[in-house]
Amino acid sequence: GNTTIMVTHDMDIVAAYATRVLIMEDGKIVVDGPPEEAFYDHFEYLSTLNLKPPTVIDYCRRLQGKGMPRYLTVEPLVRLIQGGEERAN
């Protein structure tokens, strides 16, 4: 297999392409996991590091209590709104 390492503050790119996210603070890894976990489970913490997850993640987080899935990019959310996907219960 191949490994590609990206170093970026562009969280839209990370959400769209990464399979694993490492977030560092003061030279130490503070978050290590899949993008969904990194963005949803550590959402507030990321703002303390001046990292802003994609807007679609903030939107989905606000609606999780109403069954909104944890989308990482806008495309599946658009399909849901258009009626092309079932909403999670």
# chains A, B, ... in the order shown; residues from 1 in each chain; ligands from 1
>>> select_by_dssp(residues="chain A", states="alpha helix (DSSP H)", output="PyMOL selection string")
chain A and resi 11-17+35-36+43-48+55-62+74-81
>>> closest_atom_pairs(of="range 26-50 of chain A", to="range 10-13 of chain A", cutoff="12 Å", atoms="only C-alpha atoms", output="CSV")
residue,atom,partner,partner_atom,distance
A:Pro35,CA,A:Met11,CA,9.6
A:Glu36,CA,A:Met11,CA,11.7
A:Ala38,CA,A:Met11,CA,10.7
A:Phe39,CA,A:Met11,CA,9.0
A:Phe43,CA,A:Met11,CA,11.8
A:Leu46,CA,A:Met11,CA,10.6
A:Ser47,CA,A:Met11,CA,11.9
A:Asn50,CA,A:Met11,CA,11.1
>>> residues_around(residues="Glu25 in chain A", least_positions_apart="6", cutoff="12 Å", atoms="only C-alpha atoms", output="ChimeraX atom specification")
/A:31-32,45-46,48-51
>>> write_last_selection(atoms="C-alpha atoms", output="compact mmCIF listing (two decimals), in the first residue's frame")
# COMPACT_ATOMS: atom_id res chain seq x y z
CA VAL A 31 -5.75 13.86 18.70
CA ASP A 32 -5.17 10.68 16.71
CA TYR A 45 -11.09 21.42 21.52
CA LEU A 46 -10.11 22.11 17.90
CA THR A 48 -8.77 26.20 21.08
CA LEU A 49 -6.07 25.21 18.57
CA ASN A 50 -7.39 27.69 15.96
CA LEU A 51 -8.60 24.83 13.77
>>> closest_residue(among="A:His42, A:Lys28, A:Arg79, A:His9", to="Arg61 in chain A", atoms="only C-alpha atoms")
A:His42
